$ cat coords09.cif   # mmCIF, C-alpha atoms
data_protein
loop_
_atom_site.label_atom_id
_atom_site.label_comp_id
_atom_site.auth_asym_id
_atom_site.auth_seq_id
_atom_site.Cartn_x
_atom_site.Cartn_y
_atom_site.Cartn_z
CA MET A 1 -77.34 -8.40 -6.42
CA THR A 2 -75.23 -11.55 -6.52
CA GLY A 3 -74.89 -11.23 -10.29
CA ALA A 4 -73.79 -7.60 -9.92
CA ARG A 5 -71.13 -8.55 -7.38
CA LYS A 6 -69.90 -11.34 -9.65
CA ALA A 7 -69.66 -9.00 -12.64
CA ALA A 8 -67.80 -6.42 -10.56
CA GLY A 9 -65.29 -9.06 -9.50
CA GLN A 10 -64.39 -10.09 -13.04
CA PRO A 11 -61.97 -7.19 -13.74
CA ASP A 12 -60.25 -7.90 -10.41
CA LYS A 13 -59.78 -11.55 -11.34
CA ARG A 14 -58.44 -10.60 -14.74
CA ARG A 15 -55.95 -8.18 -13.17
CA ALA A 16 -54.88 -10.86 -10.71
CA ILE A 17 -54.31 -13.32 -13.56
CA VAL A 18 -52.28 -10.81 -15.57
CA ALA A 19 -50.20 -9.86 -12.52
CA GLY A 20 -49.56 -13.50 -11.64
CA ALA A 21 -48.71 -14.33 -15.23
CA LEU A 22 -46.24 -11.43 -15.43
CA LYS A 23 -44.42 -12.76 -12.37
CA LEU A 24 -44.25 -16.31 -13.75
CA PHE A 25 -43.40 -15.35 -17.33
CA ALA A 26 -40.67 -13.02 -16.04
CA ARG A 27 -39.23 -15.76 -13.84
CA ASP A 28 -39.65 -18.85 -16.02
CA GLY A 29 -40.09 -17.54 -19.57
CA TYR A 30 -42.94 -18.17 -21.96
CA THR A 31 -42.19 -21.82 -22.67
CA ARG A 32 -41.71 -23.04 -19.09
CA ALA A 33 -44.42 -21.01 -17.34
CA ALA A 34 -47.38 -23.34 -16.80
CA LEU A 35 -51.00 -22.21 -16.62
CA ASP A 36 -51.64 -24.17 -13.43
CA ALA A 37 -48.72 -22.36 -11.76
CA ILE A 38 -50.07 -19.02 -13.01
CA ALA A 39 -53.50 -19.91 -11.66
CA ALA A 40 -51.99 -20.72 -8.27
CA GLU A 41 -50.01 -17.45 -8.26
CA ALA A 42 -53.17 -15.49 -9.14
CA GLY A 43 -55.32 -17.36 -6.62
CA VAL A 44 -57.79 -18.56 -9.26
CA SER A 45 -58.63 -21.84 -10.97
CA ASN A 46 -57.45 -22.89 -14.43
CA ARG A 47 -61.05 -22.61 -15.56
CA THR A 48 -61.11 -18.97 -14.49
CA ILE A 49 -58.07 -18.31 -16.67
CA TYR A 50 -59.89 -19.82 -19.64
CA ASN A 51 -62.92 -17.65 -18.85
CA HIS A 52 -60.74 -14.65 -19.64
CA PHE A 53 -58.15 -15.90 -22.13
CA THR A 54 -58.25 -18.34 -25.03
CA ASP A 55 -54.91 -20.00 -24.27
CA LYS A 56 -51.41 -19.30 -22.93
CA ALA A 57 -50.48 -17.31 -26.05
CA ASP A 58 -53.52 -15.06 -25.58
CA LEU A 59 -52.64 -14.54 -21.91
CA PHE A 60 -49.01 -13.81 -22.77
CA GLN A 61 -50.05 -11.18 -25.28
CA ALA A 62 -52.30 -9.54 -22.67
CA VAL A 63 -49.40 -9.50 -20.20
CA ILE A 64 -47.07 -7.98 -22.80
CA GLN A 65 -49.61 -5.31 -23.69
CA ASP A 66 -50.42 -4.36 -20.11
CA SER A 67 -46.80 -4.34 -18.90
CA THR A 68 -45.37 -2.60 -21.96
CA GLU A 69 -48.01 0.14 -21.97
CA ARG A 70 -47.34 0.90 -18.29
CA VAL A 71 -43.57 1.04 -18.81
CA ALA A 72 -43.84 3.08 -22.01
CA SER A 73 -46.13 5.57 -20.27
CA THR A 74 -43.58 5.96 -17.48
CA MET A 75 -40.72 6.40 -19.96
CA VAL A 76 -42.61 9.02 -21.96
CA ASP A 77 -43.37 10.89 -18.73
CA ILE A 78 -39.63 10.90 -17.97
CA ILE A 79 -38.88 12.23 -21.46
CA ASP A 80 -41.47 14.98 -21.05
CA ARG A 81 -40.33 15.91 -17.55
CA HIS A 82 -36.65 16.27 -18.36
CA LEU A 83 -36.48 17.25 -22.02
CA THR A 84 -39.44 19.55 -22.66
CA LYS A 85 -37.95 22.68 -21.08
CA VAL A 86 -34.17 22.35 -21.26
CA ALA A 87 -32.11 24.90 -19.36
CA ASP A 88 -28.69 23.21 -19.27
CA LEU A 89 -28.56 20.54 -21.98
CA GLU A 90 -25.81 18.36 -20.49
CA SER A 91 -27.20 18.51 -16.97
CA ASP A 92 -30.77 17.87 -18.12
CA LEU A 93 -29.70 14.93 -20.28
CA ILE A 94 -27.81 13.43 -17.33
CA ASP A 95 -30.84 13.83 -15.05
CA PHE A 96 -32.96 12.29 -17.80
CA GLY A 97 -30.58 9.32 -18.01
CA VAL A 98 -30.63 8.80 -14.25
CA ALA A 99 -34.44 8.77 -14.21
CA TRP A 100 -34.51 6.57 -17.33
CA LEU A 101 -32.33 3.89 -15.73
CA GLY A 102 -34.11 4.29 -12.41
CA VAL A 103 -37.13 2.56 -13.92
CA LEU A 104 -35.09 -0.66 -14.07
CA THR A 105 -35.03 -0.87 -10.27
CA SER A 106 -38.55 0.46 -9.69
CA ASP A 107 -41.74 -1.55 -9.20
CA LEU A 108 -41.72 -1.98 -12.99
CA ALA A 109 -38.61 -4.18 -12.78
CA PRO A 110 -40.56 -7.41 -13.56
CA HIS A 111 -41.22 -6.03 -17.03
CA PHE A 112 -37.53 -5.93 -17.81
CA ALA A 113 -37.05 -9.46 -16.48
CA LEU A 114 -39.84 -10.45 -18.86
CA ILE A 115 -38.06 -8.76 -21.76
CA ARG A 116 -34.86 -10.62 -20.95
CA GLN A 117 -36.83 -13.86 -21.13
CA ILE A 118 -38.35 -12.81 -24.47
CA ASN A 119 -34.93 -12.05 -25.91
CA ALA A 120 -33.63 -15.42 -24.71
CA GLU A 121 -36.40 -17.45 -26.36
CA GLN A 122 -37.64 -15.35 -29.27
CA GLU A 123 -38.12 -18.39 -31.49
CA HIS A 124 -40.71 -19.77 -29.03
CA VAL A 125 -42.58 -16.53 -28.32
CA PRO A 126 -45.79 -15.89 -30.30
CA PRO A 127 -44.86 -13.49 -33.16
CA ALA A 128 -47.90 -11.29 -32.47
CA ALA A 129 -46.68 -10.72 -28.91
CA LEU A 130 -43.20 -9.81 -30.14
CA GLN A 131 -44.60 -7.32 -32.63
CA LEU A 132 -46.88 -5.81 -29.99
CA TRP A 133 -43.97 -5.34 -27.58
CA ARG A 134 -41.71 -3.73 -30.20
CA ARG A 135 -44.41 -1.39 -31.47
CA THR A 136 -45.82 -0.40 -28.07
CA GLY A 137 -42.52 -0.34 -26.20
CA PRO A 138 -39.10 0.33 -27.81
CA GLN A 139 -40.40 1.85 -31.04
CA HIS A 140 -42.86 4.12 -29.25
CA THR A 141 -40.42 5.40 -26.63
CA ARG A 142 -37.67 5.89 -29.21
CA HIS A 143 -40.10 7.91 -31.36
CA GLU A 144 -41.03 10.13 -28.41
CA LEU A 145 -37.38 10.66 -27.49
CA ALA A 146 -36.59 11.49 -31.11
CA GLN A 147 -39.31 14.14 -31.14
CA ARG A 148 -37.86 15.82 -28.05
CA LEU A 149 -34.35 15.77 -29.52
CA ARG A 150 -35.68 17.22 -32.76
CA ARG A 151 -37.23 20.13 -30.86
CA ILE A 152 -33.97 20.72 -28.99
CA ALA A 153 -32.19 20.73 -32.36
CA GLU A 154 -34.70 23.24 -33.73
CA ARG A 155 -33.82 25.48 -30.79
CA GLY A 156 -30.20 25.34 -31.93
CA ASP A 157 -28.52 23.21 -29.24
CA LEU A 158 -28.15 20.01 -31.27
CA ALA A 159 -27.35 19.26 -34.89
CA MET A 160 -28.71 16.07 -36.42
CA ASP A 161 -29.94 14.76 -39.73
CA ASP A 162 -31.91 11.87 -38.27
CA PRO A 163 -33.52 12.37 -34.82
CA ALA A 164 -34.54 8.70 -34.61
CA ARG A 165 -30.92 7.62 -35.09
CA ALA A 166 -29.77 10.20 -32.55
CA ALA A 167 -32.35 8.87 -30.07
CA GLY A 168 -31.03 5.36 -30.64
CA HIS A 169 -27.48 6.54 -30.01
CA LEU A 170 -28.46 8.27 -26.77
CA MET A 171 -30.36 5.21 -25.54
CA LEU A 172 -27.34 2.99 -26.22
CA LEU A 173 -24.91 5.39 -24.54
CA ILE A 174 -26.92 5.52 -21.30
CA SER A 175 -27.87 1.84 -21.30
CA ALA A 176 -27.31 -0.27 -18.20
CA ASP A 177 -25.28 -2.57 -20.46
CA ASN A 178 -22.48 0.00 -20.15
CA LEU A 179 -22.07 -0.70 -16.44
CA ALA A 180 -19.06 -2.85 -15.60
CA ASP A 181 -21.12 -4.95 -13.19
CA PRO A 182 -24.94 -5.35 -13.28
CA ARG A 183 -24.96 -4.78 -9.53
CA ASP A 184 -23.71 -1.24 -10.17
CA LEU A 185 -27.26 -0.41 -11.24
CA HIS A 186 -28.01 -0.03 -7.53
CA ASP A 187 -24.98 2.23 -7.00
CA GLN A 188 -26.21 5.75 -7.69
CA ARG A 189 -22.71 7.23 -7.95
CA GLU A 190 -21.51 4.60 -10.42
CA THR A 191 -24.68 4.81 -12.46
CA ARG A 192 -24.51 8.60 -12.67
CA ALA A 193 -20.84 8.46 -13.70
CA MET A 194 -21.66 6.05 -16.52
CA ILE A 195 -24.58 8.19 -17.67
CA THR A 196 -22.46 11.35 -17.53
CA ALA A 197 -19.82 9.74 -19.76
CA GLY A 198 -22.54 8.56 -22.15
CA VAL A 199 -24.16 11.99 -22.36
CA GLN A 200 -20.80 13.65 -22.96
CA ALA A 201 -20.09 11.19 -25.78
CA PHE A 202 -23.52 11.93 -27.24
CA LEU A 203 -22.93 15.68 -27.09
CA HIS A 204 -19.49 15.27 -28.63
CA GLY A 205 -21.24 13.96 -31.71
CA TYR A 206 -24.42 16.03 -31.68
CA ALA A 207 -23.84 19.36 -29.88
CA ARG A 208 -24.11 22.06 -32.51
CA GLN A 209 -21.18 24.14 -31.34
CA ILE A 210 -18.66 21.41 -32.11
CA ARG A 211 -20.21 20.03 -35.29
CA ARG A 212 -18.08 20.38 -38.44
#
$ encode --input "coords09.cif" --output "structure tokens"
Amino acid sequence: MTGARKAAGQPDKRRAIVAGALKLFARDGYTRAALDAIAAEAGVSNRTIYNHFTDKADLFQAVIQDSTERVASTMVDIIDRHLTKVADLESDLIDFGVAWLGVLTSDLAPHFALIRQINAEQEHVPPAALQLWRRTGPQHTRHELAQRLRRIAERGDLAMDDPARAAGHLMLLISADNLADPRDLHDQRETRAMITAGVQAFLHGYARQIRR
């Protein structure tokens, strides 16, 4: 019975380690985050960490995989919810953009702090973790968005030669980087105004009725 309880507790300990590591990696970056601090955050010993992960690089890759998969799943759900059945293209794209940026201030926000740390110290981050993040995160979500835009184009509302490039353009135009002040991300009116302008710029280039 004791052995069964111990085995049942192992997944919980692993989840606690990954959650604690995400918090520390997001705050301190890969290089500065120490395993003893991660162990303290997770409420486990250093030895317990090594029972689950080979080293810090192995733990970091597990954190990247877990966090990126959860965020990508959320982003794909947003794409499906707003762009599968489009009634009013401009309005639906704006609502999509609002939901898309809303993830940045959701309970998934630590992931984006982690990505900022990755971008700041790419030369120190294990290459395998970088590749995993790009493949599972940005490349996957961009592919899914491109597929939705392609279907909208097939319906006749958009004109594009390269859906992946169009998806990249849309993502850039509704990016939080377009806000004048990062604090505006918490201002729904300002955020919606920025997204509206971005969507209108996107449609100026891709709406079929004005293409030459």
$ closest_residue --input "coords09.cif" --among "A:Ala120, A:Ile17, A:Ala201, A:Ala72" --to "A:Arg47" --atoms "all atoms listed in the file"
A:Ile17
$ resolve_selection --input "coords09.cif" --expression "the PyMOL selection byres ((chain A and resi 157) around 8)" --output "JSON, numbers by chain"
{"A": [89, 152, 153, 154, 155, 156, 158, 159, 207, 208, 209]}
$ residues_around --input "coords09.cif" --residues "A:Thr191" --least-positions-apart "5" --cutoff "9 Å" --atoms "all atoms listed in the file" --output "short mmCIF file (atom, residue, chain, number, x, y, z; two decimals) with C-alpha atoms, in the coordinates of the input"
data_model
loop_
_atom_site.label_atom_id
_atom_site.label_comp_id
_atom_site.auth_asym_id
_atom_site.auth_seq_id
_atom_site.Cartn_x
_atom_site.Cartn_y
_atom_site.Cartn_z
CA VAL A 98 -30.63 8.80 -14.25
CA LEU A 101 -32.33 3.89 -15.73
CA ALA A 176 -27.31 -0.27 -18.20
CA LEU A 179 -22.07 -0.70 -16.44
CA ASP A 184 -23.71 -1.24 -10.17
CA LEU A 185 -27.26 -0.41 -11.24
CA HIS A 186 -28.01 -0.03 -7.53
CA THR A 196 -22.46 11.35 -17.53
#
$ closest_residue --input "coords09.cif" --among "A:Arg27, A:Arg70, A:Lys13, A:Arg165" --to "A:Ile115" --atoms "only C-alpha atoms"
A:Arg27
$ resolve_selection --input "coords09.cif" --expression "the PyMOL selection byres ((chain A and resi 92) around 12)" --output "PDB file with C-alpha atoms, keeping the file's coordinate frame"
ATOM      1  CA  ILE A  78     -39.630  10.900 -17.970  1.00  0.00           C
ATOM      2  CA  ILE A  79     -38.880  12.230 -21.460  1.00  0.00           C
ATOM      3  CA  ASP A  80     -41.470  14.980 -21.050  1.00  0.00           C
ATOM      4  CA  ARG A  81     -40.330  15.910 -17.550  1.00  0.00           C
ATOM      5  CA  HIS A  82     -36.650  16.270 -18.360  1.00  0.00           C
ATOM      6  CA  LEU A  83     -36.480  17.250 -22.020  1.00  0.00           C
ATOM      7  CA  THR A  84     -39.440  19.550 -22.660  1.00  0.00           C
ATOM      8  CA  LYS A  85     -37.950  22.680 -21.080  1.00  0.00           C
ATOM      9  CA  VAL A  86     -34.170  22.350 -21.260  1.00  0.00           C
ATOM     10  CA  ALA A  87     -32.110  24.900 -19.360  1.00  0.00           C
ATOM     11  CA  ASP A  88     -28.690  23.210 -19.270  1.00  0.00           C
ATOM     12  CA  LEU A  89     -28.560  20.540 -21.980  1.00  0.00           C
ATOM     13  CA  GLU A  90     -25.810  18.360 -20.490  1.00  0.00           C
ATOM     14  CA  SER A  91     -27.200  18.510 -16.970  1.00  0.00           C
ATOM     15  CA  LEU A  93     -29.700  14.930 -20.280  1.00  0.00           C
ATOM     16  CA  ILE A  94     -27.810  13.430 -17.330  1.00  0.00           C
ATOM     17  CA  ASP A  95     -30.840  13.830 -15.050  1.00  0.00           C
ATOM     18  CA  PHE A  96     -32.960  12.290 -17.800  1.00  0.00           C
ATOM     19  CA  GLY A  97     -30.580   9.320 -18.010  1.00  0.00           C
ATOM     20  CA  VAL A  98     -30.630   8.800 -14.250  1.00  0.00           C
ATOM     21  CA  ALA A  99     -34.440   8.770 -14.210  1.00  0.00           C
ATOM     22  CA  TRP A 100     -34.510   6.570 -17.330  1.00  0.00           C
ATOM     23  CA  ILE A 152     -33.970  20.720 -28.990  1.00  0.00           C
ATOM     24  CA  ILE A 195     -24.580   8.190 -17.670  1.00  0.00           C
ATOM     25  CA  THR A 196     -22.460  11.350 -17.530  1.00  0.00           C
ATOM     26  CA  VAL A 199     -24.160  11.990 -22.360  1.00  0.00           C
ATOM     27  CA  GLN A 200     -20.800  13.650 -22.960  1.00  0.00           C
TER      28      GLN A 200
END
$ atom_distance --input "coords09.cif" --atom1 "atom CA of A:Val71" --atom2 "atom CA of A:Phe112"
9.3 Å
$ atom_distance --input "coords09.cif" --atom1 "atom CA of A:Ala21" --atom2 "atom CA of A:Ile49"
10.3 Å
$ closest_residue --input "coords09.cif" --among "A:Val63, A:Val125, A:Met194, A:Leu203" --to "A:His169" --atoms "all atoms listed in the file"
A:Leu203
$ atom_distance --input "coords09.cif" --atom1 "atom CA of A:Glu69" --atom2 "atom CA of A:Leu173"
23.8 Å
$ residues_around --input "coords09.cif" --residues "A:Leu22" --least-positions-apart "5" --cutoff "9 Å" --atoms "all atoms listed in the file" --output "ChimeraX atom specification"
/A:17,27,38,60,63-64,67,110-111,114
$ closest_residue --input "coords09.cif" --among "A:Leu149, A:Ala16, A:Leu104, A:Leu130" --to "A:Asp177" --atoms "only C-alpha atoms"
A:Leu104
$ resolve_selection --input "coords09.cif" --expression "the PyMOL selection byres ((chain A and resi 168) around 12)" --output "JSON, numbers by chain"
{"A": [138, 139, 140, 141, 142, 143, 144, 145, 146, 149, 162, 163, 164, 165, 166, 167, 169, 170, 171, 172, 173, 174, 175, 202]}
$ decode --input "coords09.cif" --residues "stretch 82-125 of chain A" --atoms "C-alpha atoms" --output "PDB file, in the first residue's frame"
ATOM      1  CA  HIS A  82     -13.293  32.757 -34.019  1.00  0.00           C
ATOM      2  CA  LEU A  83     -12.232  31.807 -37.533  1.00  0.00           C
ATOM      3  CA  THR A  84     -14.000  28.543 -38.349  1.00  0.00           C
ATOM      4  CA  LYS A  85     -17.427  30.028 -39.075  1.00  0.00           C
ATOM      5  CA  VAL A  86     -16.899  33.624 -40.159  1.00  0.00           C
ATOM      6  CA  ALA A  87     -19.975  35.812 -40.500  1.00  0.00           C
ATOM      7  CA  ASP A  88     -18.437  39.300 -40.574  1.00  0.00           C
ATOM      8  CA  LEU A  89     -14.750  39.005 -41.468  1.00  0.00           C
ATOM      9  CA  GLU A  90     -13.544  42.293 -39.966  1.00  0.00           C
ATOM     10  CA  SER A  91     -15.545  41.895 -36.774  1.00  0.00           C
ATOM     11  CA  ASP A  92     -14.551  38.250 -36.344  1.00  0.00           C
ATOM     12  CA  LEU A  93     -10.868  39.031 -36.927  1.00  0.00           C
ATOM     13  CA  ILE A  94     -11.033  41.812 -34.322  1.00  0.00           C
ATOM     14  CA  ASP A  95     -12.677  39.486 -31.792  1.00  0.00           C
ATOM     15  CA  PHE A  96     -10.029  36.896 -32.631  1.00  0.00           C
ATOM     16  CA  GLY A  97      -7.283  39.460 -31.999  1.00  0.00           C
ATOM     17  CA  VAL A  98      -8.778  40.494 -28.661  1.00  0.00           C
ATOM     18  CA  ALA A  99      -8.924  36.869 -27.510  1.00  0.00           C
ATOM     19  CA  TRP A 100      -5.435  36.211 -28.912  1.00  0.00           C
ATOM     20  CA  LEU A 101      -3.879  39.042 -26.901  1.00  0.00           C
ATOM     21  CA  GLY A 102      -6.007  38.195 -23.887  1.00  0.00           C
ATOM     22  CA  VAL A 103      -3.876  35.107 -23.357  1.00  0.00           C
ATOM     23  CA  LEU A 104      -0.954  37.396 -22.448  1.00  0.00           C
ATOM     24  CA  THR A 105      -2.731  38.504 -19.277  1.00  0.00           C
ATOM     25  CA  SER A 106      -4.312  35.135 -18.442  1.00  0.00           C
ATOM     26  CA  ASP A 107      -2.978  32.457 -16.105  1.00  0.00           C
ATOM     27  CA  LEU A 108      -0.655  31.502 -18.975  1.00  0.00           C
ATOM     28  CA  ALA A 109       1.247  34.793 -18.601  1.00  0.00           C
ATOM     29  CA  PRO A 110       4.332  33.092 -17.033  1.00  0.00           C
ATOM     30  CA  HIS A 111       4.919  31.359 -20.361  1.00  0.00           C
ATOM     31  CA  PHE A 112       5.386  34.673 -22.121  1.00  0.00           C
ATOM     32  CA  ALA A 113       7.738  35.902 -19.401  1.00  0.00           C
ATOM     33  CA  LEU A 114       9.704  32.711 -20.025  1.00  0.00           C
ATOM     34  CA  ILE A 115       9.824  33.421 -23.756  1.00  0.00           C
ATOM     35  CA  ARG A 116      11.133  36.918 -23.093  1.00  0.00           C
ATOM     36  CA  GLN A 117      13.910  35.370 -21.031  1.00  0.00           C
ATOM     37  CA  ILE A 118      14.668  32.893 -23.832  1.00  0.00           C
ATOM     38  CA  ASN A 119      14.911  35.680 -26.385  1.00  0.00           C
ATOM     39  CA  ALA A 120      17.219  37.640 -24.085  1.00  0.00           C
ATOM     40  CA  GLU A 121      19.698  34.786 -23.601  1.00  0.00           C
ATOM     41  CA  GLN A 122      19.352  32.569 -26.655  1.00  0.00           C
ATOM     42  CA  GLU A 123      23.078  31.864 -26.789  1.00  0.00           C
ATOM     43  CA  HIS A 124      22.883  30.217 -23.337  1.00  0.00           C
ATOM     44  CA  VAL A 125      19.673  28.246 -23.851  1.00  0.00           C
TER      45      VAL A 125
END
